[in-house]
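**Student:** Just one file: target.cif, with mmCIF, C-alpha atoms (C1' of nucleotides).
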```
data_data
loop_
_atom_site.label_atom_id
_atom_site.label_comp_id
_atom_site.auth_asym_id
_atom_site.auth_seq_id
_atom_site.Cartn_x
_atom_site.Cartn_y
_atom_site.Cartn_z
CA MET A 25 92.98 123.09 126.43
CA GLU A 26 93.46 122.31 122.79
CA PRO A 27 94.67 118.68 123.07
CA ILE A 28 92.00 117.92 125.68
CA ARG A 29 89.21 119.36 123.56
CA ARG A 30 90.40 117.69 120.42
CA ARG A 31 90.52 114.33 122.09
CA ALA A 32 87.11 114.79 123.73
CA LEU A 33 85.59 115.82 120.41
CA ILE A 34 87.05 112.82 118.62
CA ASP A 35 85.78 110.45 121.30
CA ALA A 36 82.38 112.10 121.15
CA THR A 37 82.37 111.72 117.38
CA ILE A 38 82.96 107.98 117.63
CA ILE A 39 80.18 107.56 120.16
CA ALA A 40 77.80 109.74 118.17
CA ILE A 41 78.44 107.87 114.94
CA GLY A 42 78.12 104.57 116.74
CA GLU A 43 74.77 105.50 118.19
CA HIS A 44 73.55 107.15 115.06
CA GLY A 45 74.89 104.47 112.79
CA ALA A 46 75.99 106.92 110.14
CA LEU A 47 78.02 110.03 109.47
CA ASP A 48 75.05 112.36 109.41
CA VAL A 49 75.57 113.32 113.02
CA THR A 50 75.42 117.06 113.60
CA MET A 51 78.23 119.17 114.89
CA ALA A 52 75.90 120.30 117.64
CA ASP A 53 75.32 116.71 118.72
CA ILE A 54 79.01 115.89 118.79
CA ALA A 55 79.94 119.10 120.54
CA GLY A 56 77.16 118.57 123.06
CA ARG A 57 78.49 115.13 123.95
CA ALA A 58 81.92 116.63 124.42
CA GLY A 59 80.43 119.31 126.64
CA VAL A 60 81.23 122.26 124.43
CA SER A 61 79.47 124.40 121.86
CA ALA A 62 79.34 123.64 118.18
CA ALA A 63 81.27 126.81 117.50
CA LEU A 64 84.19 125.48 119.49
CA ALA A 65 84.32 122.30 117.47
CA HIS A 66 84.58 124.44 114.38
CA HIS A 67 87.23 126.51 116.07
CA TYR A 68 89.49 123.54 116.72
CA PHE A 69 88.82 121.44 113.66
CA GLY A 70 87.90 123.92 110.98
CA GLY A 71 84.93 121.99 109.66
CA LYS A 72 82.96 118.83 109.94
CA ASP A 73 85.00 117.01 107.30
CA ASP A 74 88.17 117.73 109.19
CA LEU A 75 86.71 116.40 112.42
CA LEU A 76 85.53 113.24 110.72
CA PHE A 77 88.89 112.79 109.09
CA ALA A 78 90.70 113.25 112.37
CA THR A 79 88.36 110.73 113.99
CA MET A 80 89.01 108.07 111.39
CA ARG A 81 92.71 108.71 111.55
CA HIS A 82 92.53 108.26 115.29
CA ILE A 83 90.73 104.92 114.97
CA LEU A 84 93.24 103.67 112.42
CA ALA A 85 96.19 104.91 114.42
CA GLU A 86 94.96 103.06 117.49
CA LEU A 87 94.50 99.88 115.49
CA GLY A 88 97.93 100.32 113.95
CA LEU A 89 99.54 100.71 117.34
CA GLU A 90 97.81 97.61 118.66
CA VAL A 91 98.95 95.59 115.67
CA ARG A 92 102.52 96.73 115.92
CA THR A 93 102.61 95.90 119.62
CA ALA A 94 101.06 92.48 119.16
CA VAL A 95 103.26 91.55 116.24
CA HIS A 96 106.49 92.60 117.88
CA GLY A 97 109.04 89.79 117.88
CA LEU A 98 106.76 87.28 116.22
CA SER A 99 107.21 85.71 112.83
CA GLY A 100 105.58 83.12 110.63
CA ALA A 101 102.12 81.85 111.46
CA ASP A 102 102.25 83.36 114.94
CA ARG A 103 102.66 86.75 113.39
CA VAL A 104 99.65 86.25 111.16
CA ARG A 105 97.59 84.98 114.08
CA ALA A 106 98.51 88.07 116.07
CA VAL A 107 97.34 90.31 113.25
CA ILE A 108 94.07 88.42 113.01
CA GLN A 109 93.50 88.53 116.74
CA VAL A 110 94.04 92.24 117.00
CA ASN A 111 91.81 93.05 114.06
CA LEU A 112 89.02 90.97 115.53
CA SER A 113 89.64 91.70 119.20
CA GLN A 114 86.78 92.83 121.39
CA GLY A 115 88.13 96.34 121.27
CA GLN A 116 87.93 96.54 117.49
CA PHE A 117 84.75 94.53 117.42
CA ARG A 118 82.74 97.01 119.48
CA PRO A 119 79.54 97.96 117.70
CA GLU A 120 80.24 101.69 117.71
CA ILE A 121 83.70 101.16 116.25
CA ILE A 122 82.31 98.94 113.52
CA ALA A 123 79.55 101.39 112.77
CA ALA A 124 82.06 104.19 112.46
CA TRP A 125 84.32 102.03 110.36
CA LEU A 126 81.57 101.13 107.97
CA ALA A 127 80.23 104.65 107.69
CA PHE A 128 83.72 105.89 106.91
CA TYR A 129 84.16 103.16 104.36
CA VAL A 130 81.16 104.51 102.50
CA GLU A 131 82.35 108.08 102.82
CA ALA A 132 85.79 107.13 101.54
CA ARG A 133 84.29 106.75 98.08
CA ARG A 134 83.73 110.49 97.96
CA ASN A 135 86.33 112.00 100.20
CA ALA A 136 89.74 111.69 98.60
CA ALA A 137 91.60 112.21 101.86
CA LEU A 138 89.60 109.50 103.60
CA GLY A 139 90.12 107.21 100.64
CA ARG A 140 93.86 107.64 100.95
CA LEU A 141 93.67 106.84 104.65
CA PHE A 142 91.85 103.60 103.96
CA ARG A 143 94.14 102.53 101.21
CA ILE A 144 97.04 102.94 103.58
CA TYR A 145 95.25 100.72 106.07
CA VAL A 146 94.47 98.10 103.43
CA ARG A 147 98.04 98.02 102.24
CA ARG A 148 99.41 97.82 105.73
CA LEU A 149 97.14 94.96 106.64
CA HIS A 150 98.16 93.17 103.49
CA SER A 151 101.85 93.57 104.12
CA ASP A 152 101.48 92.63 107.78
CA LEU A 153 99.85 89.40 106.69
CA LEU A 154 102.36 88.74 103.94
CA SER A 155 105.29 89.21 106.27
CA GLY A 156 104.04 86.24 108.27
CA LEU A 157 103.51 84.06 105.24
CA THR A 158 107.04 84.07 103.87
CA HIS A 159 107.33 80.30 103.98
CA LEU A 160 104.52 80.01 101.47
CA PRO A 161 105.19 80.39 97.76
CA ARG A 162 104.68 84.01 96.78
CA ALA A 163 101.44 83.51 94.84
CA GLY A 164 99.93 81.41 97.59
CA ALA A 165 100.93 83.91 100.22
CA VAL A 166 99.30 86.77 98.35
CA ARG A 167 96.14 84.80 97.86
CA THR A 168 96.01 83.73 101.49
CA ALA A 169 96.57 87.29 102.66
CA ARG A 170 93.76 88.50 100.43
CA GLY A 171 91.46 85.81 101.74
CA ILE A 172 92.18 86.63 105.34
CA ALA A 173 91.66 90.32 104.74
CA ALA A 174 88.36 89.68 102.98
CA LEU A 175 87.25 87.39 105.79
CA ILE A 176 88.02 89.99 108.40
CA ASP A 177 86.12 92.67 106.52
CA GLY A 178 83.22 90.36 105.86
CA LEU A 179 82.93 89.44 109.52
CA TYR A 180 82.95 93.13 110.37
CA LEU A 181 80.10 93.73 107.99
CA ARG A 182 77.98 90.97 109.45
CA ARG A 183 78.70 92.24 112.89
CA ALA A 184 77.55 95.70 111.86
CA LEU A 185 74.22 94.32 110.76
CA GLY A 186 73.79 92.57 114.09
CA GLU A 187 71.61 89.51 114.48
CA GLY A 188 73.36 86.18 114.41
CA ALA A 189 76.77 87.69 113.81
CA ALA A 190 79.79 85.89 115.13
CA ASP A 191 81.30 87.27 118.30
CA SER A 192 84.95 88.14 118.60
CA MET A 193 86.09 84.63 119.51
CA ALA A 194 84.08 82.81 116.88
CA ALA A 195 85.31 85.24 114.27
CA ILE A 196 88.94 84.75 115.22
CA ASP A 197 88.39 81.01 115.15
CA LEU A 198 86.97 81.11 111.67
CA VAL A 199 89.83 83.13 110.24
CA GLU A 200 92.53 81.13 112.01
CA ASP A 201 90.96 78.02 110.63
CA TYR A 202 91.33 79.49 107.17
CA LEU A 203 94.96 80.26 107.87
CA ASP A 204 95.69 76.76 109.22
CA THR A 205 94.11 75.20 106.18
CA ALA A 206 96.16 77.31 103.83
CA LEU A 207 99.34 76.42 105.70
CA ALA A 208 98.52 72.72 105.86
CA ARG A 209 97.81 72.56 102.18
CA SER A 210 101.09 74.23 101.41
CA ALA A 211 102.98 71.82 103.69
CA ARG A 212 101.32 68.79 102.15
CA ARG A 213 102.37 69.90 98.74
CA ALA A 214 105.97 70.46 99.72
CA MET B 3 52.37 105.14 83.39
CA GLU B 4 52.80 104.09 86.98
CA PRO B 5 54.84 100.91 86.45
CA ILE B 6 57.06 102.64 83.90
CA ARG B 7 57.71 105.60 86.15
CA ARG B 8 58.33 103.45 89.19
CA ARG B 9 60.85 101.37 87.33
CA ALA B 10 62.57 104.41 85.84
CA LEU B 11 62.80 106.03 89.23
CA ILE B 12 64.27 102.93 90.83
CA ASP B 13 66.85 102.60 88.06
CA ALA B 14 67.67 106.27 88.43
CA THR B 15 68.07 105.81 92.16
CA ILE B 16 70.61 103.04 91.68
CA ILE B 17 72.61 105.11 89.22
CA ALA B 18 72.43 108.19 91.41
CA ILE B 19 73.57 106.34 94.52
CA GLY B 20 76.32 104.64 92.55
CA GLU B 21 77.63 107.94 91.25
CA HIS B 22 77.20 109.74 94.52
CA GLY B 23 78.51 106.86 96.58
CA ALA B 24 75.98 107.35 99.33
CA LEU B 25 72.30 107.68 100.09
CA ASP B 26 72.36 111.44 100.37
CA VAL B 27 71.18 111.86 96.82
CA THR B 28 68.34 114.32 96.44
CA MET B 29 64.91 113.52 95.17
CA ALA B 30 65.43 116.21 92.55
CA ASP B 31 68.57 114.50 91.30
CA ILE B 32 66.89 111.11 91.06
CA ALA B 33 63.77 112.50 89.45
CA GLY B 34 65.87 114.47 87.01
CA ARG B 35 67.70 111.34 85.89
CA ALA B 36 64.37 109.63 85.39
CA GLY B 37 63.18 112.59 83.35
CA VAL B 38 60.43 113.68 85.69
CA SER B 39 59.93 116.25 88.42
CA ALA B 40 60.68 115.63 92.07
CA ALA B 41 57.01 116.07 92.85
CA LEU B 42 56.18 113.07 90.70
CA ALA B 43 58.61 110.87 92.54
CA HIS B 44 56.84 111.81 95.73
CA HIS B 45 53.53 111.15 94.06
CA TYR B 46 54.42 107.57 93.18
CA PHE B 47 56.53 106.60 96.15
CA GLY B 48 55.21 108.69 98.99
CA GLY B 49 58.58 109.75 100.32
CA LYS B 50 62.29 109.35 99.94
CA ASP B 51 62.52 106.48 102.40
CA ASP B 52 59.94 104.54 100.47
CA LEU B 53 61.81 105.06 97.24
CA LEU B 54 65.06 103.92 98.79
CA PHE B 55 63.37 100.91 100.29
CA ALA B 56 61.79 99.97 96.98
CA THR B 57 65.17 100.33 95.30
CA MET B 58 66.92 98.01 97.72
CA ARG B 59 64.10 95.51 97.48
CA HIS B 60 64.48 95.62 93.73
CA ILE B 61 68.20 94.92 93.91
CA LEU B 62 67.68 92.03 96.30
CA ALA B 63 64.81 90.62 94.28
CA GLU B 64 66.94 90.62 91.15
CA LEU B 65 69.75 88.88 92.95
CA GLY B 66 67.31 86.38 94.41
CA LEU B 67 65.92 85.59 91.00
CA GLU B 68 69.36 85.10 89.54
CA VAL B 69 70.30 82.76 92.34
CA ARG B 70 67.16 80.71 92.05
CA THR B 71 67.66 80.35 88.32
CA ALA B 72 71.31 79.39 88.60
CA VAL B 73 70.73 76.92 91.39
CA HIS B 74 67.86 75.15 89.71
CA GLY B 75 68.44 71.42 89.47
CA LEU B 76 71.88 71.53 91.03
CA SER B 77 72.90 69.95 94.29
CA GLY B 78 76.01 69.49 96.38
CA ALA B 79 79.15 71.44 95.61
CA ASP B 80 77.80 72.50 92.21
CA ARG B 81 74.94 74.19 93.96
CA VAL B 82 77.28 76.09 96.25
CA ARG B 83 79.46 77.08 93.33
CA ALA B 84 76.43 78.43 91.52
CA VAL B 85 75.50 80.57 94.51
CA ILE B 86 79.03 81.92 94.72
CA GLN B 87 79.19 82.65 91.03
CA VAL B 88 75.95 84.57 90.99
CA ASN B 89 76.78 86.63 94.04
CA LEU B 90 80.11 87.61 92.54
CA SER B 91 79.05 87.80 88.91
CA GLN B 92 79.90 90.89 86.91
CA GLY B 93 76.31 92.00 87.20
CA GLN B 94 76.40 92.04 90.96
CA PHE B 95 79.95 93.28 90.99
CA ARG B 96 79.20 96.51 89.15
CA PRO B 97 80.54 99.49 91.07
CA GLU B 98 77.19 101.25 91.28
CA ILE B 99 75.49 98.14 92.61
CA ILE B 100 78.16 97.67 95.23
CA ALA B 101 78.01 101.31 96.21
CA ALA B 102 74.26 101.08 96.64
CA TRP B 103 74.59 97.84 98.52
CA LEU B 104 77.09 99.27 100.92
CA ALA B 105 75.20 102.49 101.46
CA PHE B 106 72.06 100.50 102.24
CA TYR B 107 74.01 98.31 104.59
CA VAL B 108 74.87 101.37 106.63
CA GLU B 109 71.34 102.66 106.48
CA ALA B 110 69.96 99.31 107.60
CA ARG B 111 71.31 100.03 111.05
CA ARG B 112 68.74 102.79 111.44
CA ASN B 113 65.89 101.86 109.22
CA ALA B 114 64.02 98.90 110.68
CA ALA B 115 62.37 97.98 107.40
CA LEU B 116 65.68 97.97 105.57
CA GLY B 117 67.23 95.94 108.36
CA ARG B 118 64.55 93.31 107.96
CA LEU B 119 65.18 93.19 104.22
CA PHE B 120 68.86 92.56 104.76
CA ARG B 121 68.33 89.92 107.37
CA ILE B 122 66.14 88.06 104.94
CA TYR B 123 68.91 88.22 102.37
CA VAL B 124 71.51 87.03 104.87
CA ARG B 125 69.36 84.12 105.94
CA ARG B 126 68.56 83.15 102.40
CA LEU B 127 72.20 83.20 101.39
CA HIS B 128 73.04 81.08 104.39
CA SER B 129 70.39 78.49 103.67
CA ASP B 130 71.26 78.44 99.97
CA LEU B 131 74.81 77.62 100.89
CA LEU B 132 73.84 75.06 103.52
CA SER B 133 71.58 73.25 101.13
CA GLY B 134 74.60 72.50 98.98
CA LEU B 135 76.74 71.33 101.87
CA THR B 136 74.57 68.50 103.14
CA HIS B 137 77.32 65.93 102.76
CA LEU B 138 79.38 67.79 105.34
CA PRO B 139 78.78 67.25 109.04
CA ARG B 140 76.32 69.84 110.26
CA ALA B 141 78.77 71.90 112.28
CA GLY B 142 81.29 71.96 109.45
CA ALA B 143 78.62 72.94 106.96
CA VAL B 144 77.47 75.86 109.07
CA ARG B 145 81.00 77.06 109.53
CA THR B 146 81.81 76.74 105.85
CA ALA B 147 78.65 78.58 104.89
CA ARG B 148 79.54 81.39 107.29
CA GLY B 149 83.03 81.57 105.90
CA ILE B 150 81.82 81.75 102.33
CA ALA B 151 79.29 84.43 103.18
CA ALA B 152 81.91 86.49 105.00
CA LEU B 153 84.31 86.11 102.08
CA ILE B 154 81.70 87.30 99.63
CA ASP B 155 80.85 90.33 101.73
CA GLY B 156 84.49 91.11 102.33
CA LEU B 157 85.28 90.98 98.64
CA TYR B 158 82.37 93.33 98.02
CA LEU B 159 83.76 95.76 100.51
CA ARG B 160 87.19 95.77 98.95
CA ARG B 161 85.65 96.25 95.58
CA ALA B 162 83.72 99.24 96.86
CA LEU B 163 86.92 100.90 97.98
CA GLY B 164 88.47 100.33 94.55
CA GLU B 165 92.21 100.12 94.05
CA GLY B 166 93.68 96.68 93.92
CA ALA B 167 90.37 94.95 94.47
CA ALA B 168 89.85 91.57 92.93
CA ASP B 169 87.75 91.48 89.80
CA SER B 170 84.77 89.21 89.42
CA MET B 171 86.76 86.20 88.26
CA ALA B 172 89.50 86.45 90.82
CA ALA B 173 86.92 86.85 93.56
CA ILE B 174 85.01 83.76 92.46
CA ASP B 175 88.27 81.86 92.29
CA LEU B 176 89.20 82.78 95.81
CA VAL B 177 85.88 81.74 97.29
CA GLU B 178 85.68 78.51 95.31
CA ASP B 179 89.13 77.70 96.51
CA TYR B 180 87.87 78.10 100.05
CA LEU B 181 84.98 75.80 99.28
CA ASP B 182 87.19 73.15 97.70
CA THR B 183 89.50 73.19 100.66
CA ALA B 184 86.64 72.74 103.09
CA LEU B 185 85.28 69.85 101.05
CA ALA B 186 88.67 68.21 100.66
CA ARG B 187 89.36 68.40 104.35
CA SER B 188 86.03 66.86 105.12
CA ALA B 189 86.63 64.03 102.62
CA ARG B 190 90.08 63.31 104.00
CA ARG B 191 88.64 62.97 107.46
CA ALA B 192 85.92 60.58 106.37
"C1'" DC C 25 31.75 117.38 73.25
"C1'" DT C 26 31.89 116.66 78.15
"C1'" DT C 27 33.41 114.84 82.08
"C1'" DA C 28 36.04 112.15 85.11
"C1'" DT C 29 40.43 110.35 86.12
"C1'" DA C 30 45.26 110.09 86.08
"C1'" DA C 31 49.71 112.44 85.17
"C1'" DT C 32 52.49 116.10 85.96
"C1'" DT C 33 54.75 120.17 87.67
"C1'" DG C 34 56.15 125.01 89.49
"C1'" DA C 35 56.12 127.32 93.39
"C1'" DT C 36 56.23 127.38 98.19
"C1'" DT C 37 56.94 126.02 102.92
"C1'" DG C 38 59.40 124.49 106.84
"C1'" DA C 39 63.06 122.33 108.94
"C1'" DT C 40 67.64 121.41 109.48
"C1'" DG C 41 72.33 122.14 110.00
"C1'" DA C 42 77.08 123.93 108.63
"C1'" DG C 43 79.74 127.69 109.09
"C1'" DT C 44 80.71 132.68 110.71
"C1'" DC C 45 81.42 136.38 113.80
"C1'" DA C 46 81.40 139.70 117.09
"C1'" DA C 47 81.30 139.71 121.79
"C1'" DT C 48 82.44 137.88 126.39
"C1'" DC C 49 85.40 135.47 129.69
"C1'" DA C 50 89.59 133.57 131.92
"C1'" DA C 51 94.40 133.63 133.03
"C1'" DG C 52 98.85 134.76 132.89
"C1'" DA C 53 102.49 138.52 131.83
"C1'" DA C 54 104.19 143.08 132.37
"C1'" DT D 8 96.13 147.04 137.51
"C1'" DT D 9 96.35 146.68 132.56
"C1'" DC D 10 97.24 144.21 128.49
"C1'" DT D 11 97.33 140.25 125.65
"C1'" DT D 12 96.20 135.97 124.15
"C1'" DG D 13 93.53 132.00 123.89
"C1'" DA D 14 88.94 129.85 125.10
"C1'" DT D 15 84.30 130.01 124.49
"C1'" DT D 16 79.71 130.91 123.01
"C1'" DG D 17 74.97 132.76 121.40
"C1'" DA D 18 73.00 134.52 117.66
"C1'" DC D 19 72.85 134.86 112.94
"C1'" DT D 20 73.24 133.78 107.93
"C1'" DC D 21 72.91 130.99 104.16
"C1'" DA D 22 72.12 126.96 101.58
"C1'" DT D 23 69.93 122.71 100.92
"C1'" DC D 24 66.16 119.63 100.51
"C1'" DA D 25 62.04 116.88 101.63
"C1'" DA D 26 57.42 117.41 101.36
"C1'" DT D 27 53.05 119.70 99.97
"C1'" DC D 28 49.58 121.62 97.08
"C1'" DA D 29 47.02 124.03 93.97
"C1'" DA D 30 46.91 124.41 89.25
"C1'" DT D 31 47.52 122.51 84.49
"C1'" DT D 32 47.51 119.11 80.96
"C1'" DA D 33 46.69 114.75 78.87
"C1'" DT D 34 43.83 110.54 78.33
"C1'" DA D 35 39.99 107.89 78.01
"C1'" DA D 36 35.22 106.85 78.70
"C1'" DG D 37 30.36 108.00 77.99
#
```
Represent the structure from my file as structure tokens, please.

**Tutor:**
Amino acid sequence: MEPIRRRALIDATIIAIGEHGALDVTMADIAGRAGVSAALAHHYFGGKDDLLFATMRHILAELGLEVRTAVHGLSGADRVRAVIQVNLSQGQFRPEIIAAWLAFYVEARRNAALGRLFRIYVRRLHSDLLSGLTHLPRAGAVRTARGIAALIDGLYLRRALGEGAADSMAAIDLVEDYLDTALARSARRA
Amino acid sequence: MEPIRRRALIDATIIAIGEHGALDVTMADIAGRAGVSAALAHHYFGGKDDLLFATMRHILAELGLEVRTAVHGLSGADRVRAVIQVNLSQGQFRPEIIAAWLAFYVEARRNAALGRLFRIYVRRLHSDLLSGLTHLPRAGAVRTARGIAALIDGLYLRRALGEGAADSMAAIDLVEDYLDTALARSARRA
DNA sequence: CTTATAATTGATTGATGAGTCAATCAAGAA
DNA sequence: TTCTTGATTGACTCATCAATCAATTATAAG
């Protein structure tokens, strides 16, 4: 039962946060969605913080897996494009995922464990991007990677707010455009 | 007394949210920082939501004033640069301001009034940027404005998480670079 | 001095929600 | 069947906090 319950509770947590828009969902709400009692959620996860942590780790792990799959065998600009596409794919761009993401981002300022999780994600994204920008001079590559990462996050944020936000395709377009420009400029200079 | 207390309470709210990192600060905490009782905060603001709303409106009003001042008399790329510089100035880039900003962003998903406030800000930023990009073709201007806005928000987000985030100057540099590239590309094409 | 008005608070209420626990229930092993 | 172990829950406790209110104090006007 344990793995089934854990998974169901994590899924329920994502949905609950997505609907609620913040982390102040109750254990009873989450447990209810998963079809169990609040006491059971405590039994398997220990406490609310642990459940939230496990949920965020799950989201990041899924994203990480997607990235690694997409990137496999690619190099150079194609590799960067793959990273961009995964990060802004419909799957990652779902409102409830973004809401959870954002809520966790806020929480990460207080929860040391969550903060660590996010820093790992940030670093991984950065190095994934850098590894596809090797033909750029080091400084330019770092700057481009930072710009892409900021763009991705910014587009997430807008999406979270709703209204007039770019959809998945438009967002990917915008970031790839940024990448192409950076590459073109570098080529022109060489 | 009223204006003094209101101002003190709003300032205290910003500090409290900044330190706490989220909106779950208590009225007692805020009131304490402002040197009054929690009951008084209720007296002047009606309720916690109203105080939070007033606080966010205050932050946005200050930013709006700064932008309008900076932009005054400028046009074209200079105008855009001014908007960028204000949005990423040290004042706006203070950790407690960013923390408040981010926390409110999350809350805006649930609180209709807050959501409206943010949408006004988003639209104003967009039109401020557009008004400095008139020499670009319309479609390109819109896209560039969106990109700049996303970059600004993304850099905010990174800053909120701390660790390795760009400082005010580096952030401005990055976004201005984006602007220059967009302008240069447009000029080359013409 | 008196009175009205605003400022201010301590004490209280009521609601909410995390976490605990002792008690059932189910299922497989001996 | 009996025992053991894990699954499961309802009921309870405890803490926190927003909101209220009646009471007190200060201020200013007449």

**Student:** Once the PyMOL selection byres ((chain B and resi 157) around 10) has been applied to the shown file, what residues remain in the selection, as a PyMOL selection string?

**Tutor:** (chain A and resi 170-171+173-175+177-178) or (chain B and resi 90+95+151-156+158-162+167-170+172-174+176-177)

**Student:** Residues of chain A within 9 Å of chain D, counting only C-alpha atoms (C1' of nucleotides), what are they? List them as a list of chain:residue names.

**Tutor:**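 Applying the cut-off to the listed atoms yields A:Met25, A:Val60, A:Ser61, A:Ala62, A:Ala63, A:Leu64.
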
**Student:** Taking 4 positions as the minimum chain separation for residues in the same chain, which residues sit within 10 Å of stretch 17-29 of chain B when counting only C-alpha atoms (C1' of nucleotides)? Answer as a compact mmCIF listing (two decimals) with C-alpha atoms (C1' of nucleotides), in the coordinates of the input.

**Tutor:**
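Contents of the output file part-v2.txt:
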```
# COMPACT_ATOMS: atom_id res chain seq x y z
CA ASP A 48 75.05 112.36 109.41
CA ALA A 127 80.23 104.65 107.69
CA VAL A 130 81.16 104.51 102.50
CA GLU A 131 82.35 108.08 102.82
CA ALA A 132 85.79 107.13 101.54
CA ARG A 133 84.29 106.75 98.08
CA ARG A 134 83.73 110.49 97.96
CA LEU B 11 62.80 106.03 89.23
CA ILE B 12 64.27 102.93 90.83
CA ASP B 13 66.85 102.60 88.06
CA ALA B 33 63.77 112.50 89.45
CA GLY B 34 65.87 114.47 87.01
CA ARG B 35 67.70 111.34 85.89
CA SER B 39 59.93 116.25 88.42
CA ALA B 40 60.68 115.63 92.07
CA ALA B 41 57.01 116.07 92.85
CA LEU B 42 56.18 113.07 90.70
CA ALA B 43 58.61 110.87 92.54
CA HIS B 44 56.84 111.81 95.73
CA GLY B 49 58.58 109.75 100.32
CA LYS B 50 62.29 109.35 99.94
CA LEU B 53 61.81 105.06 97.24
CA LEU B 54 65.06 103.92 98.79
CA ARG B 96 79.20 96.51 89.15
CA PRO B 97 80.54 99.49 91.07
CA GLU B 98 77.19 101.25 91.28
CA ILE B 99 75.49 98.14 92.61
CA ILE B 100 78.16 97.67 95.23
CA ALA B 101 78.01 101.31 96.21
CA ALA B 102 74.26 101.08 96.64
CA TRP B 103 74.59 97.84 98.52
CA LEU B 104 77.09 99.27 100.92
CA ALA B 105 75.20 102.49 101.46
CA PHE B 106 72.06 100.50 102.24
CA VAL B 108 74.87 101.37 106.63
CA GLU B 109 71.34 102.66 106.48
CA ALA B 162 83.72 99.24 96.86
C1' DT D 23 69.93 122.71 100.92
C1' DC D 24 66.16 119.63 100.51
C1' DA D 25 62.04 116.88 101.63
```

**Student:** May I have the residues of chain C within 8 Å of chain B, counting all atoms listed in the file, written as a list of chain:residue names?

**Tutor:**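 Every residue of chain C that passes the 8 Å test is in C:DA31, C:DT32, C:DT33.
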
**Student:** Would you mind reading off the distance between atom CA of B:Asn113 and atom CA of B:Asp52, one decimal, in Å?

**Tutor:**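 Spanning atom CA of B:Asn113 to atom CA of B:Asp52 is a straight-line distance of 10.9 Å.
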
**Student:** One decimal, in Å: what's the spacing between atom CA of B:Asp31 and atom CA of B:Ala10?

**Tutor:**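 Rounded to one decimal, the two atoms are 12.9 Å apart.
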
**Student:** So which one's closest to chain B, A:Ala78, A:Ala52, A:Ile144, A:Ile28? Using only C-alpha atoms, please.

**Tutor:**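 Closest to chain B of all the choices is A:Ile144.
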